[in-house]
Structures are given as C-alpha cells and as structure tokens.
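A short worksheet on the structure shown next.
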Amino acid sequence: MDFGLSFEQEMIVDTVREFVEKEIYPHEAEVERTGEVPIEIGHEIRDKCIEAGYFAANIAEEFGGGGLGALDFTLLERELGRASNALAVFFGRPSGILMACNAAQREKYLLPAVKGEKFDALAMTEPEAGSDVRGMKCSAKLDGGDWVVNGSKHFISHANIAHFVIVFVATGEEQSTRGTRKKITCFLVDRGTPGFEIRPGYNSVSHRGYKNCILNFDNCRLPESQILGELHRGFDIANDWLYSTRLTVAATSVGRARRAFEYALPYTTERKQFGQQICKFQGVSFKLADMITEIDAADWLTLAAAWRLDEGLDANREIASAKLYATEMLARVTDEAIQIFGGMGYMEEVDSTLYLRRGKQYELMLGGTDYWYDIVAEEMIDADEPVVLT
Ligand SMILES: Cc1cc2nc3c(=O)[nH]c(=O)nc-3n(C[C@H](O)[C@H](O)[C@H](O)COP(=O)(O)OP(=O)(O)OC[C@H]3O[C@@H](n4cnc5c(N)ncnc54)[C@H](O)[C@@H]3O)c2cc1C
C-alpha cells in the first residue's frame, strides 16, 4: 500500500497552496471587514487561475476542463479550503452536473462556464425543504409545451454573480418502495428570464462576501430545451455531483482545520503563563495532539474515499463518513484553536475568531450533520424499513 502522492499530485498541492497564499490571503481581511468582494478582484483571481491552468479543473478534458480525477481534485479542494469561500469561488469549479448538457446546452452553458465567461449557481434548498430536499415545494406544470415554475429557493450560494442557475423543481409524483414521492427535474434558468428573480439572502457570520441568495419563481416559463438531463430524472444527474460535493466539503474542512491548527500551534510556544510556555501544560499539549490526530484522520478518510471513486469502487458509505467526520472535526478543531488563544481568542484582532466562525459552516451544509448519521447508518444497515425516509 502506497500512501505517497505522485509527482503530479505534489504539484497540484504546491501550486494551489501557493496560489491561495499569494492571490487570496492578501484580500481576506478587507473582504471580511467590508462583506464585499470587489468584482475586479474576483476577475483577477479568475484570470490568474485560468493562466495557471487550474480553472474548471473538475470538468472533463473533452469539454476543455482540467479532467482531474476524484483524488486529484480532492487534493486541490483541500488546499483551496484554507481560503475564504468569497474569494475562492473565483477559482472556478463549474458544477459537474453541467456535463449532462446536450449539444446546444453545451455551447450556451458548459463551454462558457469552463472558459470563465459565465458563472453558475445550484439551487435545491427551500425554506421548508432543507436536509429533506425531496420535500421541495417549488414545482413546474406543463402548459402549452412550456414548464411553468412557481415557488422559491433560499441559501443559494453565489447566485449574486451567477449568469444562470441549475434549479431542481418538482414535476409530478410517483410511487416508490418508500411510498409516494416527488419526481424532480433539473432546469437551467438564465438570469433575466421573465418570472425569475434573484434577491439578496441572509447575512452570513463567516466567509463574509460569500453571498447567498433567495430565488423566486412567479409563473416563470421555461421551454423544454431548458431541461438538463431527462424529465423527472433530476436526481440521477445530481448523484455524481453530490458525491464530488460531499468530498469537496470534507476536503475543504481538512484544509480549513489545518490552517487553524497552524495558526494556533506557534502561539503555544510564544505564550508563557506561570513562568513557562503554555505548550508545557498537559491541558494544552494534549489538545494539540487531539487536534492534529483528528485532522490527519479526516484527511485520510477523505482521500481514501476519493481513491475508491477513482478505482470505480462503491464509495457511498466512505464519502458519507468523510463528510460527517471531517465537518465535525473542523468545528472541534476551530473551537480548540480559539481556546488556545485564551481571552484574545475571542477578539476580532486575532484570526482565531475568523476560523471559529468558519468552523461551523460545513456541519450545516448539504443536510445537517445529524442527518448524516442516518446516511452512514443506512449505507450499512439492511433494515426492513429505510432509515432515511426521503
Ligand atoms: C453557507 C451555506 C451555503 C449553502 N449553499 C447552498 C446552495 O448553494 N444551494 C442549495 O441548494 N443549498 C445551499 N445551502 C443549504 C444547505 O444545504 C441546507 O442548509 C442544509 O441542507 C440543511 O437544511 P436546513 O438548513 O433547512 O436545515 P434542516 O434540514 O431543517 O435541519 C435542522 C436540524 O434538523 C436536523 N435534521 C434534519 N434532518 C434530520 C434527520 N433525518 N435526522 C436527524 N437530524 C436531522 C439537522 O441536522 C439540523 O440540526 C447552503 C447552506 C449554507 C449554510
């Protein structure tokens, strides 16, 4: 068993780490202070990412992307995870779902997204349908050949800069072994489509400048040509995307936790109390030992799950475990990082508060963390009734 990275993988890690430190870190404090990313800075990051050959690294080479496999892309996301989402979003990774585009859609959506000419956002969550996405109420009815969409979505990341949104909508009902459930279809919706409104969302406590939006659909007419993939089969094309997004969230958590750890570690030798460095107190040194062990464990769990995907092995349970463990690890590690700084850890002058605020985010995304215990369990248990009822 070889745990080493190949030369190419080392290069991905080094290049992305250097990019993040050189091109993203210098803007972070100002973006966090103002809650805004000046668009010229966003475009500068995008252009430098294109120049470095890393834009759309997740998209297949045949469509002009970098064609990275799951493990390589996970390494990239891990390093990018150190940075603020508000700025990292311009290090473009168009949604992998776009690879389901037909020929006409490819020209209009996928290729411009790969070139950095158009940004996409993805909308599933609704005010009353979060972890339980299939409970969505946003629906479309067929009328004279068009699909007429009504309803709303919220928490939609970076829709403020999106030229189009990939939207999941209920288009009917069907019987399944789990009872009646909604049929879901995926649509491509251009900004400016009549009846479609993108409004500012809520103020996030971290990654300020990384905007979330509310989408409203009021008799929004979409021709059949805007369906991505097949009618009623929206979740089929979402599955591959979901795997890579869960891995991304796990990998990002590892990168983010390692940055918080590297920030806290030197302070334990600089700070003295009771006439000695605080790292000499067992209460602090054991904390550091726990933190690094958990970070490494989450790292290997995530990389191993990505490796399984590349090998074509079933990886559902492993990816779910990586998402669950890495996101909870991040919250614990950032919490400990703030503790290490003592009272100063609670002051905005010290970056630990920034890491702490960033630490919670991923336990909440893609379904709350409690729900992920169900997912991991369902992958293992052959119960009479499904553990997850969606
Ligand atoms: C920063 C951020 C960015 C986001 N970006 C996007 C985006 O771009 N597009 C998008 O569509 N969505 C996005 N979301 C939404 C996100 O995916 C949802 O917040 C998430 O799915 C949880 O849904 P909810 O907030 O409605 O919580 P709920 O599902 O209502 O959960 C509430 C609580 O109940 C628990 N819970 C729920 N179900 C179960 C269960 N079966 N078992 C045990 N406990 C359970 C949860 O863990 C949680 O503690 C984003 C969210 C955040 C925070």
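For the structure tokens, the naming scheme is as follows: chains receive sequential letters (A, B, ...) according to their order of presentation, residues are indexed from 1 within each chain, and ligands are indexed from 1 in presentation order.
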
Close residues, range 299-303 of chain A itself excluded, 9 Å, only C-alpha atoms, min 2 positions apart in chain, as a list in words: Ala70, Leu71, Thr74, Leu75, Arg78, Leu247, Ala250, Ala251, Ser253, Val254, Gly255, Glu294, Ile295, Asp296, Ala297, Ala305, Ala306, Trp307, Arg308, Glu318, Ile319, Ser321, Ala322, Lys323, Tyr325 and Ala326 of chain A

DSSP-assigned strand (DSSP E) among range 110-330 of chain A, expressed as a ChimeraX atom specification: /A:120-123,139-143,146-157,164-176,179-190,196-200,212-223,227-228,272-273,276-277

Surrounding residues of Val333 in chain A excluding itself and chain neighbours under 3 positions, 7 Å, only C-alpha atoms, as a PyMOL selection string: chain A and resi 257+291+329-330+336-337

Exercise: Ile12 in chain A partners within 10 Å, only C-alpha atoms, chain neighbours under 3 positions left out, as number ranges by chain: A: 6-9, 15-18, 54, 72-73, 75-76, 79

Considering only helix (DSSP H, G or I) as DSSP defines it on the backbone, what residues of range 18-248 of chain A qualify? List them as a PDB file with N, CA and C atoms, in the first residue's frame.
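Ended up saving to result_24.pdb:
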```pdb
ATOM      1  N   GLU A  18       0.271  27.639  -3.006  1.00  0.00           N
ATOM      2  CA  GLU A  18       0.979  28.898  -3.297  1.00  0.00           C
ATOM      3  C   GLU A  18      -0.003  29.947  -3.831  1.00  0.00           C
ATOM      4  N   PHE A  19      -0.916  29.490  -4.690  1.00  0.00           N
ATOM      5  CA  PHE A  19      -1.910  30.405  -5.262  1.00  0.00           C
ATOM      6  C   PHE A  19      -2.762  31.023  -4.150  1.00  0.00           C
ATOM      7  N   VAL A  20      -3.205  30.163  -3.257  1.00  0.00           N
ATOM      8  CA  VAL A  20      -4.074  30.618  -2.163  1.00  0.00           C
ATOM      9  C   VAL A  20      -3.329  31.638  -1.296  1.00  0.00           C
ATOM     10  N   GLU A  21      -2.068  31.316  -0.965  1.00  0.00           N
ATOM     11  CA  GLU A  21      -1.310  32.215  -0.081  1.00  0.00           C
ATOM     12  C   GLU A  21      -0.990  33.538  -0.755  1.00  0.00           C
ATOM     13  N   LYS A  22      -0.701  33.481  -2.084  1.00  0.00           N
ATOM     14  CA  LYS A  22      -0.272  34.692  -2.798  1.00  0.00           C
ATOM     15  C   LYS A  22      -1.429  35.533  -3.310  1.00  0.00           C
ATOM     16  N   GLU A  23      -2.449  34.855  -3.852  1.00  0.00           N
ATOM     17  CA  GLU A  23      -3.511  35.587  -4.560  1.00  0.00           C
ATOM     18  C   GLU A  23      -4.790  35.766  -3.739  1.00  0.00           C
ATOM     19  N   ILE A  24      -4.973  34.960  -2.703  1.00  0.00           N
ATOM     20  CA  ILE A  24      -6.247  35.046  -1.970  1.00  0.00           C
ATOM     21  C   ILE A  24      -6.066  35.618  -0.561  1.00  0.00           C
ATOM     22  N   TYR A  25      -5.114  35.065   0.204  1.00  0.00           N
ATOM     23  CA  TYR A  25      -4.937  35.550   1.586  1.00  0.00           C
ATOM     24  C   TYR A  25      -4.838  37.086   1.686  1.00  0.00           C
ATOM     25  N   PRO A  26      -4.069  37.746   0.794  1.00  0.00           N
ATOM     26  CA  PRO A  26      -3.902  39.198   0.977  1.00  0.00           C
ATOM     27  C   PRO A  26      -5.216  39.983   0.927  1.00  0.00           C
ATOM     28  N   HIS A  27      -6.262  39.423   0.307  1.00  0.00           N
ATOM     29  CA  HIS A  27      -7.539  40.153   0.200  1.00  0.00           C
ATOM     30  C   HIS A  27      -8.511  39.795   1.330  1.00  0.00           C
ATOM     31  N   GLU A  28      -8.182  38.767   2.088  1.00  0.00           N
ATOM     32  CA  GLU A  28      -9.191  38.220   3.010  1.00  0.00           C
ATOM     33  C   GLU A  28      -9.665  39.203   4.080  1.00  0.00           C
ATOM     34  N   ALA A  29      -8.727  39.885   4.716  1.00  0.00           N
ATOM     35  CA  ALA A  29      -9.105  40.749   5.851  1.00  0.00           C
ATOM     36  C   ALA A  29     -10.074  41.838   5.383  1.00  0.00           C
ATOM     37  N   GLU A  30      -9.777  42.436   4.247  1.00  0.00           N
ATOM     38  CA  GLU A  30     -10.616  43.522   3.745  1.00  0.00           C
ATOM     39  C   GLU A  30     -12.017  43.006   3.360  1.00  0.00           C
ATOM     40  N   VAL A  31     -12.042  41.843   2.722  1.00  0.00           N
ATOM     41  CA  VAL A  31     -13.336  41.260   2.327  1.00  0.00           C
ATOM     42  C   VAL A  31     -14.149  40.911   3.581  1.00  0.00           C
ATOM     43  N   GLU A  32     -13.468  40.389   4.590  1.00  0.00           N
ATOM     44  CA  GLU A  32     -14.165  40.025   5.827  1.00  0.00           C
ATOM     45  C   GLU A  32     -14.701  41.294   6.505  1.00  0.00           C
ATOM     46  N   ARG A  33     -13.945  42.393   6.406  1.00  0.00           N
ATOM     47  CA  ARG A  33     -14.346  43.651   7.041  1.00  0.00           C
ATOM     48  C   ARG A  33     -15.534  44.288   6.314  1.00  0.00           C
ATOM     49  N   THR A  34     -15.459  44.303   4.974  1.00  0.00           N
ATOM     50  CA  THR A  34     -16.497  45.022   4.212  1.00  0.00           C
ATOM     51  C   THR A  34     -17.676  44.122   3.841  1.00  0.00           C
ATOM     52  N   ILE A  39     -15.546  43.303  -7.693  1.00  0.00           N
ATOM     53  CA  ILE A  39     -15.615  42.366  -8.826  1.00  0.00           C
ATOM     54  C   ILE A  39     -14.295  42.294  -9.582  1.00  0.00           C
ATOM     55  N   GLU A  40     -13.536  43.435  -9.579  1.00  0.00           N
ATOM     56  CA  GLU A  40     -12.250  43.392 -10.303  1.00  0.00           C
ATOM     57  C   GLU A  40     -11.268  42.433  -9.612  1.00  0.00           C
ATOM     58  N   ILE A  41     -11.387  42.317  -8.287  1.00  0.00           N
ATOM     59  CA  ILE A  41     -10.508  41.355  -7.582  1.00  0.00           C
ATOM     60  C   ILE A  41     -10.946  39.929  -7.922  1.00  0.00           C
ATOM     61  N   GLY A  42     -12.259  39.721  -7.953  1.00  0.00           N
ATOM     62  CA  GLY A  42     -12.780  38.410  -8.343  1.00  0.00           C
ATOM     63  C   GLY A  42     -12.287  38.021  -9.733  1.00  0.00           C
ATOM     64  N   HIS A  43     -12.372  38.966 -10.660  1.00  0.00           N
ATOM     65  CA  HIS A  43     -11.950  38.674 -12.038  1.00  0.00           C
ATOM     66  C   HIS A  43     -10.438  38.455 -12.127  1.00  0.00           C
ATOM     67  N   GLU A  44      -9.700  39.152 -11.281  1.00  0.00           N
ATOM     68  CA  GLU A  44      -8.242  38.975 -11.269  1.00  0.00           C
ATOM     69  C   GLU A  44      -7.905  37.545 -10.821  1.00  0.00           C
ATOM     70  N   ILE A  45      -8.610  37.071  -9.784  1.00  0.00           N
ATOM     71  CA  ILE A  45      -8.369  35.699  -9.306  1.00  0.00           C
ATOM     72  C   ILE A  45      -8.739  34.707 -10.413  1.00  0.00           C
ATOM     73  N   ARG A  46      -9.908  34.944 -11.030  1.00  0.00           N
ATOM     74  CA  ARG A  46     -10.340  34.064 -12.124  1.00  0.00           C
ATOM     75  C   ARG A  46      -9.277  34.019 -13.229  1.00  0.00           C
ATOM     76  N   ASP A  47      -8.801  35.192 -13.654  1.00  0.00           N
ATOM     77  CA  ASP A  47      -7.855  35.250 -14.773  1.00  0.00           C
ATOM     78  C   ASP A  47      -6.532  34.556 -14.417  1.00  0.00           C
ATOM     79  N   LYS A  48      -6.082  34.758 -13.176  1.00  0.00           N
ATOM     80  CA  LYS A  48      -4.818  34.117 -12.777  1.00  0.00           C
ATOM     81  C   LYS A  48      -4.985  32.608 -12.670  1.00  0.00           C
ATOM     82  N   CYS A  49      -6.193  32.192 -12.273  1.00  0.00           N
ATOM     83  CA  CYS A  49      -6.478  30.755 -12.182  1.00  0.00           C
ATOM     84  C   CYS A  49      -6.492  30.131 -13.584  1.00  0.00           C
ATOM     85  N   ILE A  50      -7.069  30.866 -14.538  1.00  0.00           N
ATOM     86  CA  ILE A  50      -7.076  30.384 -15.934  1.00  0.00           C
ATOM     87  C   ILE A  50      -5.631  30.277 -16.433  1.00  0.00           C
ATOM     88  N   GLU A  51      -4.860  31.334 -16.155  1.00  0.00           N
ATOM     89  CA  GLU A  51      -3.452  31.380 -16.578  1.00  0.00           C
ATOM     90  C   GLU A  51      -2.657  30.208 -15.982  1.00  0.00           C
ATOM     91  N   GLU A  61     -11.682  16.747 -19.762  1.00  0.00           N
ATOM     92  CA  GLU A  61     -10.822  17.409 -20.761  1.00  0.00           C
ATOM     93  C   GLU A  61     -11.535  17.603 -22.089  1.00  0.00           C
ATOM     94  N   GLU A  62     -12.402  16.643 -22.452  1.00  0.00           N
ATOM     95  CA  GLU A  62     -13.095  16.757 -23.755  1.00  0.00           C
ATOM     96  C   GLU A  62     -13.954  18.015 -23.837  1.00  0.00           C
ATOM     97  N   PHE A  63     -14.296  18.605 -22.686  1.00  0.00           N
ATOM     98  CA  PHE A  63     -15.072  19.851 -22.686  1.00  0.00           C
ATOM     99  C   PHE A  63     -14.181  21.054 -22.357  1.00  0.00           C
ATOM    100  N   ALA A  70     -11.028  12.097  -9.084  1.00  0.00           N
ATOM    101  CA  ALA A  70     -11.587  12.437  -7.769  1.00  0.00           C
ATOM    102  C   ALA A  70     -10.486  12.745  -6.748  1.00  0.00           C
ATOM    103  N   LEU A  71      -9.424  11.915  -6.727  1.00  0.00           N
ATOM    104  CA  LEU A  71      -8.372  12.122  -5.722  1.00  0.00           C
ATOM    105  C   LEU A  71      -7.613  13.425  -5.978  1.00  0.00           C
ATOM    106  N   ASP A  72      -7.249  13.660  -7.241  1.00  0.00           N
ATOM    107  CA  ASP A  72      -6.505  14.883  -7.578  1.00  0.00           C
ATOM    108  C   ASP A  72      -7.345  16.117  -7.250  1.00  0.00           C
ATOM    109  N   PHE A  73      -8.633  16.037  -7.581  1.00  0.00           N
ATOM    110  CA  PHE A  73      -9.496  17.200  -7.339  1.00  0.00           C
ATOM    111  C   PHE A  73      -9.717  17.406  -5.835  1.00  0.00           C
ATOM    112  N   THR A  74      -9.759  16.313  -5.095  1.00  0.00           N
ATOM    113  CA  THR A  74      -9.913  16.419  -3.637  1.00  0.00           C
ATOM    114  C   THR A  74      -8.703  17.117  -3.025  1.00  0.00           C
ATOM    115  N   LEU A  75      -7.509  16.808  -3.552  1.00  0.00           N
ATOM    116  CA  LEU A  75      -6.298  17.482  -3.067  1.00  0.00           C
ATOM    117  C   LEU A  75      -6.369  18.980  -3.361  1.00  0.00           C
ATOM    118  N   LEU A  76      -6.852  19.298  -4.576  1.00  0.00           N
ATOM    119  CA  LEU A  76      -6.992  20.717  -4.948  1.00  0.00           C
ATOM    120  C   LEU A  76      -7.963  21.425  -4.002  1.00  0.00           C
ATOM    121  N   GLU A  77      -9.107  20.801  -3.765  1.00  0.00           N
ATOM    122  CA  GLU A  77     -10.121  21.416  -2.892  1.00  0.00           C
ATOM    123  C   GLU A  77      -9.610  21.558  -1.464  1.00  0.00           C
ATOM    124  N   ARG A  78      -8.802  20.604  -1.030  1.00  0.00           N
ATOM    125  CA  ARG A  78      -8.262  20.653   0.326  1.00  0.00           C
ATOM    126  C   ARG A  78      -7.414  21.914   0.508  1.00  0.00           C
ATOM    127  N   GLU A  79      -6.575  22.199  -0.490  1.00  0.00           N
ATOM    128  CA  GLU A  79      -5.722  23.387  -0.372  1.00  0.00           C
ATOM    129  C   GLU A  79      -6.534  24.665  -0.513  1.00  0.00           C
ATOM    130  N   LEU A  80      -7.504  24.643  -1.411  1.00  0.00           N
ATOM    131  CA  LEU A  80      -8.364  25.818  -1.624  1.00  0.00           C
ATOM    132  C   LEU A  80      -9.230  26.086  -0.389  1.00  0.00           C
ATOM    133  N   ASN A  85     -14.277  31.410   1.217  1.00  0.00           N
ATOM    134  CA  ASN A  85     -15.133  31.000   0.095  1.00  0.00           C
ATOM    135  C   ASN A  85     -15.435  32.162  -0.833  1.00  0.00           C
ATOM    136  N   ALA A  86     -15.543  33.354  -0.234  1.00  0.00           N
ATOM    137  CA  ALA A  86     -15.941  34.529  -1.015  1.00  0.00           C
ATOM    138  C   ALA A  86     -14.968  34.775  -2.158  1.00  0.00           C
ATOM    139  N   LEU A  87     -13.679  34.498  -1.905  1.00  0.00           N
ATOM    140  CA  LEU A  87     -12.656  34.719  -2.935  1.00  0.00           C
ATOM    141  C   LEU A  87     -12.379  33.434  -3.715  1.00  0.00           C
ATOM    142  N   ALA A  88     -12.429  32.291  -3.000  1.00  0.00           N
ATOM    143  CA  ALA A  88     -12.109  31.012  -3.642  1.00  0.00           C
ATOM    144  C   ALA A  88     -13.115  30.657  -4.741  1.00  0.00           C
ATOM    145  N   GLY A  96     -20.205  20.082 -11.809  1.00  0.00           N
ATOM    146  CA  GLY A  96     -20.012  18.903 -12.652  1.00  0.00           C
ATOM    147  C   GLY A  96     -21.300  18.437 -13.320  1.00  0.00           C
ATOM    148  N   ILE A  97     -22.436  18.846 -12.775  1.00  0.00           N
ATOM    149  CA  ILE A  97     -23.734  18.471 -13.359  1.00  0.00           C
ATOM    150  C   ILE A  97     -23.834  18.954 -14.794  1.00  0.00           C
ATOM    151  N   LEU A  98     -23.094  20.015 -15.101  1.00  0.00           N
ATOM    152  CA  LEU A  98     -23.193  20.591 -16.453  1.00  0.00           C
ATOM    153  C   LEU A  98     -22.680  19.643 -17.530  1.00  0.00           C
ATOM    154  N   MET A  99     -21.981  18.595 -17.108  1.00  0.00           N
ATOM    155  CA  MET A  99     -21.522  17.628 -18.105  1.00  0.00           C
ATOM    156  C   MET A  99     -22.699  16.842 -18.678  1.00  0.00           C
ATOM    157  N   ALA A 100     -23.891  17.013 -18.058  1.00  0.00           N
ATOM    158  CA  ALA A 100     -25.108  16.376 -18.600  1.00  0.00           C
ATOM    159  C   ALA A 100     -25.734  17.234 -19.705  1.00  0.00           C
ATOM    160  N   ALA A 103     -26.016  18.958 -26.753  1.00  0.00           N
ATOM    161  CA  ALA A 103     -25.100  19.723 -27.619  1.00  0.00           C
ATOM    162  C   ALA A 103     -25.384  21.223 -27.572  1.00  0.00           C
ATOM    163  N   ALA A 104     -26.670  21.606 -27.657  1.00  0.00           N
ATOM    164  CA  ALA A 104     -26.999  23.042 -27.673  1.00  0.00           C
ATOM    165  C   ALA A 104     -26.688  23.676 -26.320  1.00  0.00           C
ATOM    166  N   GLN A 105     -27.023  22.959 -25.258  1.00  0.00           N
ATOM    167  CA  GLN A 105     -26.766  23.495 -23.900  1.00  0.00           C
ATOM    168  C   GLN A 105     -25.262  23.623 -23.638  1.00  0.00           C
ATOM    169  N   ARG A 106     -24.512  22.693 -24.219  1.00  0.00           N
ATOM    170  CA  ARG A 106     -23.059  22.718 -24.031  1.00  0.00           C
ATOM    171  C   ARG A 106     -22.479  24.054 -24.507  1.00  0.00           C
ATOM    172  N   GLU A 107     -22.961  24.480 -25.726  1.00  0.00           N
ATOM    173  CA  GLU A 107     -22.453  25.738 -26.292  1.00  0.00           C
ATOM    174  C   GLU A 107     -22.840  26.925 -25.422  1.00  0.00           C
ATOM    175  N   LYS A 108     -24.081  26.871 -24.887  1.00  0.00           N
ATOM    176  CA  LYS A 108     -24.608  28.039 -24.177  1.00  0.00           C
ATOM    177  C   LYS A 108     -24.178  28.089 -22.707  1.00  0.00           C
ATOM    178  N   TYR A 109     -23.966  26.920 -22.089  1.00  0.00           N
ATOM    179  CA  TYR A 109     -23.701  26.919 -20.646  1.00  0.00           C
ATOM    180  C   TYR A 109     -22.341  26.309 -20.275  1.00  0.00           C
ATOM    181  N   LEU A 110     -22.134  25.054 -20.694  1.00  0.00           N
ATOM    182  CA  LEU A 110     -20.932  24.359 -20.212  1.00  0.00           C
ATOM    183  C   LEU A 110     -19.644  25.034 -20.690  1.00  0.00           C
ATOM    184  N   LEU A 111     -19.536  25.259 -22.004  1.00  0.00           N
ATOM    185  CA  LEU A 111     -18.270  25.792 -22.520  1.00  0.00           C
ATOM    186  C   LEU A 111     -17.960  27.189 -21.985  1.00  0.00           C
ATOM    187  N   PRO A 112     -18.957  28.122 -21.962  1.00  0.00           N
ATOM    188  CA  PRO A 112     -18.654  29.433 -21.341  1.00  0.00           C
ATOM    189  C   PRO A 112     -18.284  29.308 -19.853  1.00  0.00           C
ATOM    190  N   ALA A 113     -18.883  28.328 -19.160  1.00  0.00           N
ATOM    191  CA  ALA A 113     -18.548  28.149 -17.732  1.00  0.00           C
ATOM    192  C   ALA A 113     -17.107  27.658 -17.587  1.00  0.00           C
ATOM    193  N   VAL A 114     -16.693  26.774 -18.486  1.00  0.00           N
ATOM    194  CA  VAL A 114     -15.330  26.248 -18.446  1.00  0.00           C
ATOM    195  C   VAL A 114     -14.308  27.343 -18.773  1.00  0.00           C
ATOM    196  N   LYS A 115     -14.720  28.283 -19.631  1.00  0.00           N
ATOM    197  CA  LYS A 115     -13.787  29.365 -20.008  1.00  0.00           C
ATOM    198  C   LYS A 115     -13.805  30.516 -19.009  1.00  0.00           C
ATOM    199  N   VAL A 133     -34.513  17.267   0.854  1.00  0.00           N
ATOM    200  CA  VAL A 133     -34.663  18.009  -0.402  1.00  0.00           C
ATOM    201  C   VAL A 133     -35.855  17.544  -1.231  1.00  0.00           C
ATOM    202  N   ARG A 134     -36.173  16.248  -1.118  1.00  0.00           N
ATOM    203  CA  ARG A 134     -37.269  15.757  -1.954  1.00  0.00           C
ATOM    204  C   ARG A 134     -38.625  16.331  -1.513  1.00  0.00           C
ATOM    205  N   GLY A 135     -38.633  16.942  -0.337  1.00  0.00           N
ATOM    206  CA  GLY A 135     -39.858  17.585   0.144  1.00  0.00           C
ATOM    207  C   GLY A 135     -40.088  18.943  -0.495  1.00  0.00           C
ATOM    208  N   ALA A 159     -25.262  33.058  -6.075  1.00  0.00           N
ATOM    209  CA  ALA A 159     -26.194  33.334  -7.186  1.00  0.00           C
ATOM    210  C   ALA A 159     -26.109  34.813  -7.579  1.00  0.00           C
ATOM    211  N   ASN A 160     -25.568  35.638  -6.671  1.00  0.00           N
ATOM    212  CA  ASN A 160     -25.417  37.063  -6.989  1.00  0.00           C
ATOM    213  C   ASN A 160     -24.492  37.303  -8.181  1.00  0.00           C
ATOM    214  N   ILE A 161     -23.530  36.379  -8.403  1.00  0.00           N
ATOM    215  CA  ILE A 161     -22.623  36.566  -9.547  1.00  0.00           C
ATOM    216  C   ILE A 161     -22.934  35.576 -10.674  1.00  0.00           C
ATOM    217  N   GLU A 224     -38.947  23.349 -22.949  1.00  0.00           N
ATOM    218  CA  GLU A 224     -38.389  22.015 -22.654  1.00  0.00           C
ATOM    219  C   GLU A 224     -36.872  21.969 -22.853  1.00  0.00           C
ATOM    220  N   SER A 225     -36.396  22.840 -23.760  1.00  0.00           N
ATOM    221  CA  SER A 225     -34.953  22.852 -24.067  1.00  0.00           C
ATOM    222  C   SER A 225     -34.118  23.263 -22.849  1.00  0.00           C
ATOM    223  N   GLN A 226     -34.755  23.784 -21.792  1.00  0.00           N
ATOM    224  CA  GLN A 226     -34.000  24.191 -20.605  1.00  0.00           C
ATOM    225  C   GLN A 226     -33.857  23.054 -19.590  1.00  0.00           C
ATOM    226  N   GLY A 234     -34.031  14.344 -12.443  1.00  0.00           N
ATOM    227  CA  GLY A 234     -33.069  15.342 -11.961  1.00  0.00           C
ATOM    228  C   GLY A 234     -32.067  14.793 -10.969  1.00  0.00           C
ATOM    229  N   PHE A 235     -32.548  13.919 -10.065  1.00  0.00           N
ATOM    230  CA  PHE A 235     -31.632  13.414  -9.036  1.00  0.00           C
ATOM    231  C   PHE A 235     -30.612  12.429  -9.608  1.00  0.00           C
ATOM    232  N   ASP A 236     -30.939  11.845 -10.785  1.00  0.00           N
ATOM    233  CA  ASP A 236     -29.955  10.932 -11.381  1.00  0.00           C
ATOM    234  C   ASP A 236     -28.672  11.688 -11.724  1.00  0.00           C
ATOM    235  N   ILE A 237     -28.861  12.887 -12.348  1.00  0.00           N
ATOM    236  CA  ILE A 237     -27.639  13.626 -12.719  1.00  0.00           C
ATOM    237  C   ILE A 237     -27.025  14.314 -11.503  1.00  0.00           C
ATOM    238  N   ALA A 238     -27.835  14.469 -10.445  1.00  0.00           N
ATOM    239  CA  ALA A 238     -27.300  15.136  -9.243  1.00  0.00           C
ATOM    240  C   ALA A 238     -26.383  14.212  -8.450  1.00  0.00           C
ATOM    241  N   ASN A 239     -26.513  12.893  -8.644  1.00  0.00           N
ATOM    242  CA  ASN A 239     -25.778  11.963  -7.792  1.00  0.00           C
ATOM    243  C   ASN A 239     -24.260  12.100  -7.874  1.00  0.00           C
ATOM    244  N   ASP A 240     -23.758  12.135  -9.134  1.00  0.00           N
ATOM    245  CA  ASP A 240     -22.303  12.271  -9.287  1.00  0.00           C
ATOM    246  C   ASP A 240     -21.840  13.579  -8.675  1.00  0.00           C
ATOM    247  N   TRP A 241     -22.653  14.625  -8.908  1.00  0.00           N
ATOM    248  CA  TRP A 241     -22.317  15.936  -8.354  1.00  0.00           C
ATOM    249  C   TRP A 241     -22.318  15.874  -6.820  1.00  0.00           C
ATOM    250  N   LEU A 242     -23.299  15.160  -6.286  1.00  0.00           N
ATOM    251  CA  LEU A 242     -23.395  15.078  -4.828  1.00  0.00           C
ATOM    252  C   LEU A 242     -22.168  14.396  -4.233  1.00  0.00           C
ATOM    253  N   TYR A 243     -21.702  13.313  -4.899  1.00  0.00           N
ATOM    254  CA  TYR A 243     -20.504  12.648  -4.385  1.00  0.00           C
ATOM    255  C   TYR A 243     -19.339  13.617  -4.352  1.00  0.00           C
ATOM    256  N   SER A 244     -19.137  14.316  -5.497  1.00  0.00           N
ATOM    257  CA  SER A 244     -17.958  15.185  -5.531  1.00  0.00           C
ATOM    258  C   SER A 244     -18.130  16.359  -4.577  1.00  0.00           C
ATOM    259  N   THR A 245     -19.386  16.831  -4.400  1.00  0.00           N
ATOM    260  CA  THR A 245     -19.590  17.960  -3.486  1.00  0.00           C
ATOM    261  C   THR A 245     -19.358  17.532  -2.041  1.00  0.00           C
ATOM    262  N   ARG A 246     -19.789  16.340  -1.689  1.00  0.00           N
ATOM    263  CA  ARG A 246     -19.553  15.856  -0.322  1.00  0.00           C
ATOM    264  C   ARG A 246     -18.054  15.719  -0.070  1.00  0.00           C
ATOM    265  N   LEU A 247     -17.345  15.200  -1.084  1.00  0.00           N
ATOM    266  CA  LEU A 247     -15.895  15.078  -0.938  1.00  0.00           C
ATOM    267  C   LEU A 247     -15.256  16.449  -0.812  1.00  0.00           C
ATOM    268  N   THR A 248     -15.766  17.393  -1.617  1.00  0.00           N
ATOM    269  CA  THR A 248     -15.248  18.760  -1.564  1.00  0.00           C
ATOM    270  C   THR A 248     -15.419  19.344  -0.170  1.00  0.00           C
TER     271      THR A 248
END
```

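With a cut-off of 6 Å and using only C-alpha atoms and all ligand atoms, the polymer residues contacting ligand 1 are Leu122, Ala123, Met124, Thr125, Ala129, Gly130, Ser131, Phe155, Ile156, Ser157, Gln361, Leu364, Met365, Leu366, Gly367, Gly368, Thr369, Asp370 and Tyr371 of chain A.
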
7 Å contact set for His154 in chain A, only C-alpha atoms, chain neighbours under 3 positions out, as a PyMOL selection string: chain A and resi 125-127+213-215
